[in-house]
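Written out below as structure tokens is the structure these notes cover.
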Amino acid sequence: MHDVVELKRYVEVHARGQRIQGYRDILGRIGSDEGDGPGTWVAEWSRAGEDLAREGRPLEASRHFAMARFPYVDGPGRHRALERCAQTLEEWQRERAPELERLDVVLPGGRVRCWSTGLSTTRRLPLVLIMGGIVTVKEQWVPALVRLRRLGLAAVVTEMPGVGENTLPYDAKSWRMLSGILDTVADRARVERTYAMALSFSGHMALRCALDDARLRGVVTVGAPVHDFFTDARWQARVPRITVDTLARLTDGTPRHVLGHMADFALGDEQLAALEIPVHYTASLRDEIIPGSETRRLRDHVRALTLLEHDDVHGAPRHTAETQLWCVRSLLRMEQPRGPRAAVLDLMWRAARARRRLAPRS
């Protein structure tokens, strides 16, 4: 059972990012995370999802079921929500995006389930890998595949180890999962030109992978831990319980000891200096999960760093639209630096930034 106040606080960035209408009304009906009866986290999000499914709106339903299983499956209620999240997403895909395809990658230790677009043996395109963080299932990102394909890119959406349908364990060697995906699709995409849009903890995985796999040509990330999160005991004592509990679940550890056992995840200064790829990193100045010293470390050691900073908390929930545009703009700047689409996205990002500055604070 999770603290409801924390759940409501940390789900907001995901609800905004998914453009879930009326999410505050749903949160207002929730008073407990105990069980799955009326007024509980699972029940109220799932009820909203089932209503949308009956109305013939499977994509919106899937987004609500993803929130119902947030932050991870810890019982039958959240397990059912995860199943319904996948089922309704597949209904949407069959009806609205038949060009998207399932992709299963079997690796030592488990199976990685993915969605893909643009994979072809006859017209191999540059590849984008998309992953969310420790609380995000792949279904939340699948609609982005449609937009990326229109930009002339192949793409694969998946999950971090231990999240959703990914059965791999999460450990310091989990970055090898990304190389395994590239090996699997090497005959259907230009994997030597691969870019990762990997958010939060998956951003750490992508940065580590880039040190050993030259096929990864750029990383776009938001609020990724780098070094101090994994090594600074004083900071770790402040990390929210929901993050600690989730990491304990993914690593098969205990909340009391999990952070103290993650020091081998840290990327050292020499490793950061060895990165020869562009790294586009979004940081929140009031981030309560990722220490601000991570940004300073990146500035000091990463040669090709582009940094966007928001005066916000973790995930920058007040800056969702501009962050999303900035991420896609960053991808295109890496792959098509002089293309017209990158210029258009730059204008869109600047417009979103201006609108947010002019809007009243919510």
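Chain identifiers are assigned as A, B, and so on, following the order in which chains appear in the structure tokens; residues are numbered from 1 within each chain, and ligands are numbered from 1 in order of appearance.
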I'd like the neighbourhood of range 223-227 of chain A as a CSV table (one decimal) with N, CA and C atoms, in the first residue's frame, where a residue qualifies if any of its atoms comes within 10 Å (using only C-alpha atoms), though same-chain residues fewer than 2 positions away should be ignored.
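Resulting contents of result10.csv:
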```csv
chain,number,residue,atom,x,y,z
A,133,GLY,N,10.6,5.8,-17.5
A,133,GLY,CA,11.4,5.5,-16.3
A,133,GLY,C,10.8,4.3,-15.5
A,198,ALA,N,15.2,8.5,-23.8
A,198,ALA,CA,15.1,7.6,-22.6
A,198,ALA,C,15.0,8.5,-21.4
A,199,LEU,N,13.8,8.4,-20.7
A,199,LEU,CA,13.5,9.4,-19.7
A,199,LEU,C,13.9,8.8,-18.3
A,200,SER,N,14.3,9.7,-17.4
A,200,SER,CA,14.6,9.4,-16.0
A,200,SER,C,15.6,8.2,-16.0
A,201,PHE,N,15.3,7.2,-15.2
A,201,PHE,CA,16.3,6.1,-15.0
A,201,PHE,C,16.7,5.4,-16.3
A,202,SER,N,15.8,5.3,-17.3
A,202,SER,CA,16.2,4.7,-18.6
A,202,SER,C,17.3,5.6,-19.3
A,203,GLY,N,17.3,6.9,-19.0
A,203,GLY,CA,18.3,7.8,-19.5
A,203,GLY,C,19.7,7.4,-19.0
A,204,HIS,N,19.8,7.0,-17.8
A,204,HIS,CA,21.0,6.5,-17.2
A,204,HIS,C,21.4,5.2,-18.0
A,205,MET,N,20.5,4.3,-18.3
A,205,MET,CA,20.8,3.1,-19.0
A,205,MET,C,21.4,3.5,-20.4
A,206,ALA,N,20.8,4.5,-21.1
A,206,ALA,CA,21.2,4.8,-22.4
A,206,ALA,C,22.6,5.4,-22.4
A,207,LEU,N,22.9,6.3,-21.4
A,207,LEU,CA,24.2,6.9,-21.3
A,207,LEU,C,25.3,5.8,-21.1
A,208,ARG,N,25.0,4.9,-20.2
A,208,ARG,CA,25.9,3.8,-20.0
A,208,ARG,C,26.1,2.9,-21.3
A,220,VAL,N,18.6,11.7,-25.6
A,220,VAL,CA,17.7,12.7,-25.1
A,220,VAL,C,17.1,12.2,-23.9
A,221,THR,N,17.2,12.9,-22.8
A,221,THR,CA,16.7,12.4,-21.5
A,221,THR,C,16.2,13.6,-20.6
A,229,PHE,N,23.1,10.4,-7.3
A,229,PHE,CA,21.9,9.7,-6.8
A,229,PHE,C,22.3,8.4,-6.3
A,230,PHE,N,23.2,7.7,-6.9
A,230,PHE,CA,23.6,6.3,-6.5
A,230,PHE,C,24.6,6.3,-5.4
A,231,THR,N,25.3,7.4,-5.1
A,231,THR,CA,26.4,7.3,-4.2
A,231,THR,C,26.3,8.2,-2.9
A,232,ASP,N,25.4,9.2,-3.0
A,232,ASP,CA,25.3,10.2,-1.9
A,232,ASP,C,24.3,9.8,-0.9
A,263,ALA,N,25.5,1.6,-5.7
A,263,ALA,CA,26.7,2.4,-6.0
A,263,ALA,C,27.3,2.0,-7.3
A,264,ASP,N,27.2,0.8,-7.7
A,264,ASP,CA,27.9,0.3,-8.9
A,264,ASP,C,27.1,0.8,-10.2
A,265,PHE,N,26.0,1.4,-10.0
A,265,PHE,CA,25.3,2.0,-11.2
A,265,PHE,C,25.9,3.3,-11.6
A,266,ALA,N,26.6,4.0,-10.7
A,266,ALA,CA,27.1,5.3,-10.9
A,266,ALA,C,28.1,5.4,-12.1
A,267,LEU,N,27.9,6.5,-12.9
A,267,LEU,CA,28.8,6.8,-14.0
A,267,LEU,C,29.9,7.8,-13.5
A,268,GLY,N,31.1,7.4,-13.6
A,268,GLY,CA,32.2,8.2,-13.1
A,268,GLY,C,32.5,9.4,-14.1
A,269,ASP,N,33.3,10.3,-13.6
A,269,ASP,CA,33.7,11.5,-14.4
A,269,ASP,C,34.4,11.1,-15.7
A,272,LEU,N,31.8,9.8,-18.2
A,272,LEU,CA,31.1,10.9,-18.8
A,272,LEU,C,31.9,11.7,-19.8
A,281,TYR,N,19.8,17.1,-22.2
A,281,TYR,CA,19.3,16.7,-20.9
A,281,TYR,C,18.4,17.8,-20.3
A,282,THR,N,17.2,17.5,-19.9
A,282,THR,CA,16.3,18.4,-19.2
A,282,THR,C,16.4,18.2,-17.7
A,283,ALA,N,16.6,19.3,-17.0
A,283,ALA,CA,16.7,19.2,-15.5
A,283,ALA,C,15.7,20.1,-14.9
A,284,SER,N,15.2,19.7,-13.7
A,284,SER,CA,14.3,20.5,-12.9
A,284,SER,C,15.1,21.1,-11.7
A,287,ASP,N,14.1,19.6,-8.3
A,287,ASP,CA,13.9,18.2,-8.4
A,287,ASP,C,14.2,17.6,-7.0
A,289,ILE,N,14.0,14.2,-6.5
A,289,ILE,CA,14.5,12.9,-6.6
A,289,ILE,C,15.9,12.9,-7.2
A,290,ILE,N,16.2,13.6,-8.2
A,290,ILE,CA,17.6,13.7,-8.8
A,290,ILE,C,18.3,14.9,-8.3
A,291,PRO,N,19.5,14.7,-7.6
A,291,PRO,CA,20.2,15.9,-7.0
A,291,PRO,C,20.7,16.8,-8.1
A,292,GLY,N,20.7,18.1,-7.7
A,292,GLY,CA,21.1,19.1,-8.7
A,292,GLY,C,22.6,19.0,-9.0
A,293,SER,N,23.4,18.3,-8.2
A,293,SER,CA,24.8,18.1,-8.5
A,293,SER,C,25.0,17.2,-9.7
A,294,GLU,N,24.0,16.5,-10.1
A,294,GLU,CA,24.1,15.7,-11.4
A,294,GLU,C,24.2,16.6,-12.6
A,295,THR,N,23.5,17.7,-12.6
A,295,THR,CA,23.6,18.7,-13.7
A,295,THR,C,25.0,19.3,-13.7
A,297,ARG,N,27.7,18.0,-12.7
A,297,ARG,CA,28.6,17.0,-13.1
A,297,ARG,C,28.6,16.8,-14.7
A,298,LEU,N,27.4,16.8,-15.2
A,298,LEU,CA,27.2,16.8,-16.7
A,298,LEU,C,27.9,18.0,-17.3
A,309,GLU,N,16.8,23.7,-18.5
A,309,GLU,CA,16.4,23.7,-17.1
A,309,GLU,C,15.1,24.4,-16.9
A,313,VAL,N,9.6,20.9,-10.2
A,313,VAL,CA,9.9,19.7,-9.4
A,313,VAL,C,10.2,18.5,-10.4
A,314,HIS,N,10.4,17.3,-9.9
A,314,HIS,CA,10.8,16.2,-10.7
A,314,HIS,C,9.8,15.9,-11.9
A,315,GLY,N,10.3,15.8,-13.1
A,315,GLY,CA,9.4,15.5,-14.2
A,315,GLY,C,8.9,16.8,-14.8
A,316,ALA,N,9.1,17.9,-14.2
A,316,ALA,CA,8.6,19.2,-14.7
A,316,ALA,C,7.1,19.2,-15.1
```
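Residue-level DSSP output for range 107-193 of chain A, from the backbone, shows strand (DSSP E or B) at Leu107, Gly110, Arg111, Val112, Arg113, Cys114, Trp115, Ser116, Thr117, Pro126, Leu127, Val128, Leu129, Ile130, Met131, Ala154, Ala155, Val156, Val157, Thr158, Arg190, Val191, Glu192 and Arg193 of chain A.
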For those residues, write N, CA and C atoms to a file as a compact mmCIF listing (two decimals), in the first residue's frame.
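Saved as selection-v1.txt:
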```
# COMPACT_ATOMS: atom_id res chain seq x y z
N LEU A 107 16.18 -12.16 -24.53
CA LEU A 107 17.57 -11.95 -24.15
C LEU A 107 17.91 -12.83 -22.95
N GLY A 110 15.47 -12.95 -19.71
CA GLY A 110 14.06 -12.62 -19.84
C GLY A 110 13.68 -12.13 -21.22
N ARG A 111 12.45 -11.60 -21.30
CA ARG A 111 11.87 -11.15 -22.55
C ARG A 111 11.53 -9.67 -22.46
N VAL A 112 11.84 -8.97 -23.55
CA VAL A 112 11.52 -7.55 -23.66
C VAL A 112 10.42 -7.41 -24.70
N ARG A 113 9.26 -6.93 -24.28
CA ARG A 113 8.15 -6.71 -25.21
C ARG A 113 8.15 -5.26 -25.67
N CYS A 114 7.97 -5.07 -26.96
CA CYS A 114 8.08 -3.74 -27.55
C CYS A 114 6.95 -3.52 -28.55
N TRP A 115 6.78 -2.25 -28.94
CA TRP A 115 6.01 -1.87 -30.11
C TRP A 115 6.98 -1.18 -31.06
N SER A 116 6.74 -1.33 -32.36
CA SER A 116 7.68 -0.78 -33.33
C SER A 116 6.95 -0.19 -34.53
N THR A 117 7.69 0.62 -35.29
CA THR A 117 7.20 1.15 -36.55
C THR A 117 8.39 1.39 -37.46
N PRO A 126 16.94 5.28 -40.03
CA PRO A 126 17.54 5.53 -38.71
C PRO A 126 16.54 5.17 -37.61
N LEU A 127 17.05 4.77 -36.45
CA LEU A 127 16.22 4.20 -35.40
C LEU A 127 16.19 5.08 -34.16
N VAL A 128 15.00 5.19 -33.57
CA VAL A 128 14.83 5.84 -32.28
C VAL A 128 14.35 4.80 -31.28
N LEU A 129 15.03 4.71 -30.15
CA LEU A 129 14.59 3.88 -29.03
C LEU A 129 13.92 4.78 -28.00
N ILE A 130 12.73 4.40 -27.54
CA ILE A 130 11.98 5.20 -26.57
C ILE A 130 11.69 4.37 -25.33
N MET A 131 12.02 4.92 -24.17
CA MET A 131 11.70 4.29 -22.90
C MET A 131 11.34 5.35 -21.87
N ALA A 154 12.47 5.07 -38.10
CA ALA A 154 11.96 3.86 -37.48
C ALA A 154 12.04 4.04 -35.96
N ALA A 155 11.22 3.33 -35.23
CA ALA A 155 11.22 3.53 -33.78
C ALA A 155 10.76 2.28 -33.07
N VAL A 156 11.28 2.11 -31.87
CA VAL A 156 10.89 1.02 -30.99
C VAL A 156 10.61 1.60 -29.61
N VAL A 157 9.45 1.28 -29.06
CA VAL A 157 9.09 1.68 -27.70
C VAL A 157 9.14 0.46 -26.80
N THR A 158 9.80 0.60 -25.66
CA THR A 158 9.83 -0.51 -24.72
C THR A 158 9.84 0.02 -23.30
N ARG A 190 18.59 1.13 -39.67
CA ARG A 190 19.98 1.59 -39.71
C ARG A 190 20.46 1.80 -38.27
N VAL A 191 20.72 0.69 -37.60
CA VAL A 191 21.03 0.76 -36.17
C VAL A 191 22.34 1.48 -35.89
N GLU A 192 23.18 1.63 -36.90
CA GLU A 192 24.40 2.41 -36.70
C GLU A 192 24.08 3.90 -36.54
N ARG A 193 22.84 4.27 -36.78
CA ARG A 193 22.35 5.63 -36.53
C ARG A 193 21.13 5.53 -35.61
```
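The residue that comes closest to Ile134 in chain A, out of A:Arg215, A:Gly118, A:Val146, A:Leu250 and on the basis of only C-alpha atoms, is A:Leu250.
Using only C-alpha atoms for every distance, the candidate list A:Val163, A:Ala53, A:Leu151, A:Ala43 yields A:Val163 as the residue closest to Arg249 in chain A.
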(Q) Need the shell around Asp245 in chain A: protein/DNA/RNA residues with any atom at most 10 Å away, counting only C-alpha atoms. Skip same-chain ones fewer than 2 positions apart. Format as a ChimeraX atom specification? (A) /A:2,71-72,240-243,247-250,253-256,258
Polymer residues at most 10 Å from Ala186 in chain A, only C-alpha atoms, same-chain spacing of 6 or more positions, as a PDB file with C-alpha atoms, in the first residue's frame:
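File written: selection34.pdb
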```
ATOM      1  CA  LEU A 119      11.183  -1.597 -39.532  1.00  0.00           C
ATOM      2  CA  SER A 120      11.905  -2.888 -43.038  1.00  0.00           C
ATOM      3  CA  THR A 121      14.490  -5.068 -44.752  1.00  0.00           C
ATOM      4  CA  ARG A 124      16.184   0.662 -43.522  1.00  0.00           C
ATOM      5  CA  LEU A 127      16.222   4.204 -35.401  1.00  0.00           C
ATOM      6  CA  GLY A 180      20.247  -6.599 -27.536  1.00  0.00           C
ATOM      7  CA  GLU A 192      24.405   2.414 -36.704  1.00  0.00           C
TER       8      GLU A 192
END
```
Q.
Which of range 203-256 of chain A end up as helix (DSSP H, G or I) when DSSP is run on this backbone - answer as a PyMOL selection string?
A. chain A and resi 203-212+228-231+233-236+241-251
Selected residues written out, N, CA and C atoms, as a PDB file, in the first residue's frame:
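Output saved as again_6.pdb:
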```pdb
ATOM      1  N   GLY A 203      17.280   6.908 -18.986  1.00  0.00           N
ATOM      2  CA  GLY A 203      18.304   7.783 -19.533  1.00  0.00           C
ATOM      3  C   GLY A 203      19.687   7.385 -19.036  1.00  0.00           C
ATOM      4  N   HIS A 204      19.756   6.996 -17.776  1.00  0.00           N
ATOM      5  CA  HIS A 204      21.017   6.478 -17.231  1.00  0.00           C
ATOM      6  C   HIS A 204      21.449   5.235 -17.986  1.00  0.00           C
ATOM      7  N   MET A 205      20.511   4.322 -18.269  1.00  0.00           N
ATOM      8  CA  MET A 205      20.827   3.126 -19.038  1.00  0.00           C
ATOM      9  C   MET A 205      21.380   3.477 -20.413  1.00  0.00           C
ATOM     10  N   ALA A 206      20.773   4.456 -21.073  1.00  0.00           N
ATOM     11  CA  ALA A 206      21.205   4.838 -22.414  1.00  0.00           C
ATOM     12  C   ALA A 206      22.598   5.448 -22.400  1.00  0.00           C
ATOM     13  N   LEU A 207      22.879   6.297 -21.420  1.00  0.00           N
ATOM     14  CA  LEU A 207      24.213   6.894 -21.330  1.00  0.00           C
ATOM     15  C   LEU A 207      25.268   5.810 -21.105  1.00  0.00           C
ATOM     16  N   ARG A 208      24.964   4.859 -20.244  1.00  0.00           N
ATOM     17  CA  ARG A 208      25.931   3.775 -20.004  1.00  0.00           C
ATOM     18  C   ARG A 208      26.107   2.929 -21.263  1.00  0.00           C
ATOM     19  N   CYS A 209      25.033   2.662 -21.977  1.00  0.00           N
ATOM     20  CA  CYS A 209      25.123   1.866 -23.200  1.00  0.00           C
ATOM     21  C   CYS A 209      26.000   2.564 -24.231  1.00  0.00           C
ATOM     22  N   ALA A 210      25.873   3.871 -24.342  1.00  0.00           N
ATOM     23  CA  ALA A 210      26.627   4.616 -25.354  1.00  0.00           C
ATOM     24  C   ALA A 210      28.133   4.511 -25.158  1.00  0.00           C
ATOM     25  N   LEU A 211      28.575   4.218 -23.947  1.00  0.00           N
ATOM     26  CA  LEU A 211      29.997   4.066 -23.703  1.00  0.00           C
ATOM     27  C   LEU A 211      30.570   2.828 -24.380  1.00  0.00           C
ATOM     28  N   ASP A 212      29.742   1.801 -24.565  1.00  0.00           N
ATOM     29  CA  ASP A 212      30.206   0.532 -25.126  1.00  0.00           C
ATOM     30  C   ASP A 212      29.640   0.229 -26.500  1.00  0.00           C
ATOM     31  N   ASP A 228      25.605  10.929  -8.462  1.00  0.00           N
ATOM     32  CA  ASP A 228      25.388  11.240  -7.052  1.00  0.00           C
ATOM     33  C   ASP A 228      24.132  10.589  -6.484  1.00  0.00           C
ATOM     34  N   PHE A 229      23.102  10.408  -7.316  1.00  0.00           N
ATOM     35  CA  PHE A 229      21.908   9.724  -6.816  1.00  0.00           C
ATOM     36  C   PHE A 229      22.268   8.352  -6.274  1.00  0.00           C
ATOM     37  N   PHE A 230      23.218   7.696  -6.902  1.00  0.00           N
ATOM     38  CA  PHE A 230      23.576   6.330  -6.531  1.00  0.00           C
ATOM     39  C   PHE A 230      24.623   6.259  -5.421  1.00  0.00           C
ATOM     40  N   THR A 231      25.261   7.380  -5.085  1.00  0.00           N
ATOM     41  CA  THR A 231      26.389   7.326  -4.154  1.00  0.00           C
ATOM     42  C   THR A 231      26.261   8.232  -2.930  1.00  0.00           C
ATOM     43  N   ALA A 233      24.781   9.259   0.255  1.00  0.00           N
ATOM     44  CA  ALA A 233      23.888   8.726   1.280  1.00  0.00           C
ATOM     45  C   ALA A 233      23.009   9.812   1.886  1.00  0.00           C
ATOM     46  N   ARG A 234      23.525  11.020   1.998  1.00  0.00           N
ATOM     47  CA  ARG A 234      22.711  12.106   2.562  1.00  0.00           C
ATOM     48  C   ARG A 234      21.557  12.455   1.638  1.00  0.00           C
ATOM     49  N   TRP A 235      21.827  12.479   0.329  1.00  0.00           N
ATOM     50  CA  TRP A 235      20.732  12.732  -0.601  1.00  0.00           C
ATOM     51  C   TRP A 235      19.751  11.567  -0.596  1.00  0.00           C
ATOM     52  N   GLN A 236      20.237  10.367  -0.569  1.00  0.00           N
ATOM     53  CA  GLN A 236      19.376   9.187  -0.609  1.00  0.00           C
ATOM     54  C   GLN A 236      18.385   9.164   0.550  1.00  0.00           C
ATOM     55  N   ARG A 241       9.544   8.070  -0.778  1.00  0.00           N
ATOM     56  CA  ARG A 241       9.331   6.647  -0.525  1.00  0.00           C
ATOM     57  C   ARG A 241       8.847   5.911  -1.772  1.00  0.00           C
ATOM     58  N   ILE A 242       8.053   6.557  -2.591  1.00  0.00           N
ATOM     59  CA  ILE A 242       7.518   5.897  -3.776  1.00  0.00           C
ATOM     60  C   ILE A 242       8.652   5.489  -4.726  1.00  0.00           C
ATOM     61  N   THR A 243       9.691   6.321  -4.818  1.00  0.00           N
ATOM     62  CA  THR A 243      10.846   5.983  -5.651  1.00  0.00           C
ATOM     63  C   THR A 243      11.636   4.841  -5.032  1.00  0.00           C
ATOM     64  N   VAL A 244      11.857   4.906  -3.740  1.00  0.00           N
ATOM     65  CA  VAL A 244      12.600   3.854  -3.051  1.00  0.00           C
ATOM     66  C   VAL A 244      11.879   2.520  -3.169  1.00  0.00           C
ATOM     67  N   ASP A 245      10.574   2.519  -2.919  1.00  0.00           N
ATOM     68  CA  ASP A 245       9.807   1.278  -2.993  1.00  0.00           C
ATOM     69  C   ASP A 245       9.833   0.683  -4.402  1.00  0.00           C
ATOM     70  N   THR A 246       9.729   1.552  -5.412  1.00  0.00           N
ATOM     71  CA  THR A 246       9.727   1.062  -6.787  1.00  0.00           C
ATOM     72  C   THR A 246      11.077   0.457  -7.152  1.00  0.00           C
ATOM     73  N   LEU A 247      12.161   1.119  -6.784  1.00  0.00           N
ATOM     74  CA  LEU A 247      13.487   0.574  -7.061  1.00  0.00           C
ATOM     75  C   LEU A 247      13.704  -0.753  -6.330  1.00  0.00           C
ATOM     76  N   ALA A 248      13.192  -0.842  -5.111  1.00  0.00           N
ATOM     77  CA  ALA A 248      13.308  -2.104  -4.371  1.00  0.00           C
ATOM     78  C   ALA A 248      12.566  -3.214  -5.094  1.00  0.00           C
ATOM     79  N   ARG A 249      11.397  -2.909  -5.634  1.00  0.00           N
ATOM     80  CA  ARG A 249      10.627  -3.915  -6.359  1.00  0.00           C
ATOM     81  C   ARG A 249      11.368  -4.354  -7.634  1.00  0.00           C
ATOM     82  N   LEU A 250      11.931  -3.409  -8.373  1.00  0.00           N
ATOM     83  CA  LEU A 250      12.582  -3.742  -9.637  1.00  0.00           C
ATOM     84  C   LEU A 250      13.890  -4.497  -9.446  1.00  0.00           C
ATOM     85  N   THR A 251      14.605  -4.206  -8.360  1.00  0.00           N
ATOM     86  CA  THR A 251      15.910  -4.833  -8.130  1.00  0.00           C
ATOM     87  C   THR A 251      15.832  -6.030  -7.196  1.00  0.00           C
TER      88      THR A 251
END
```
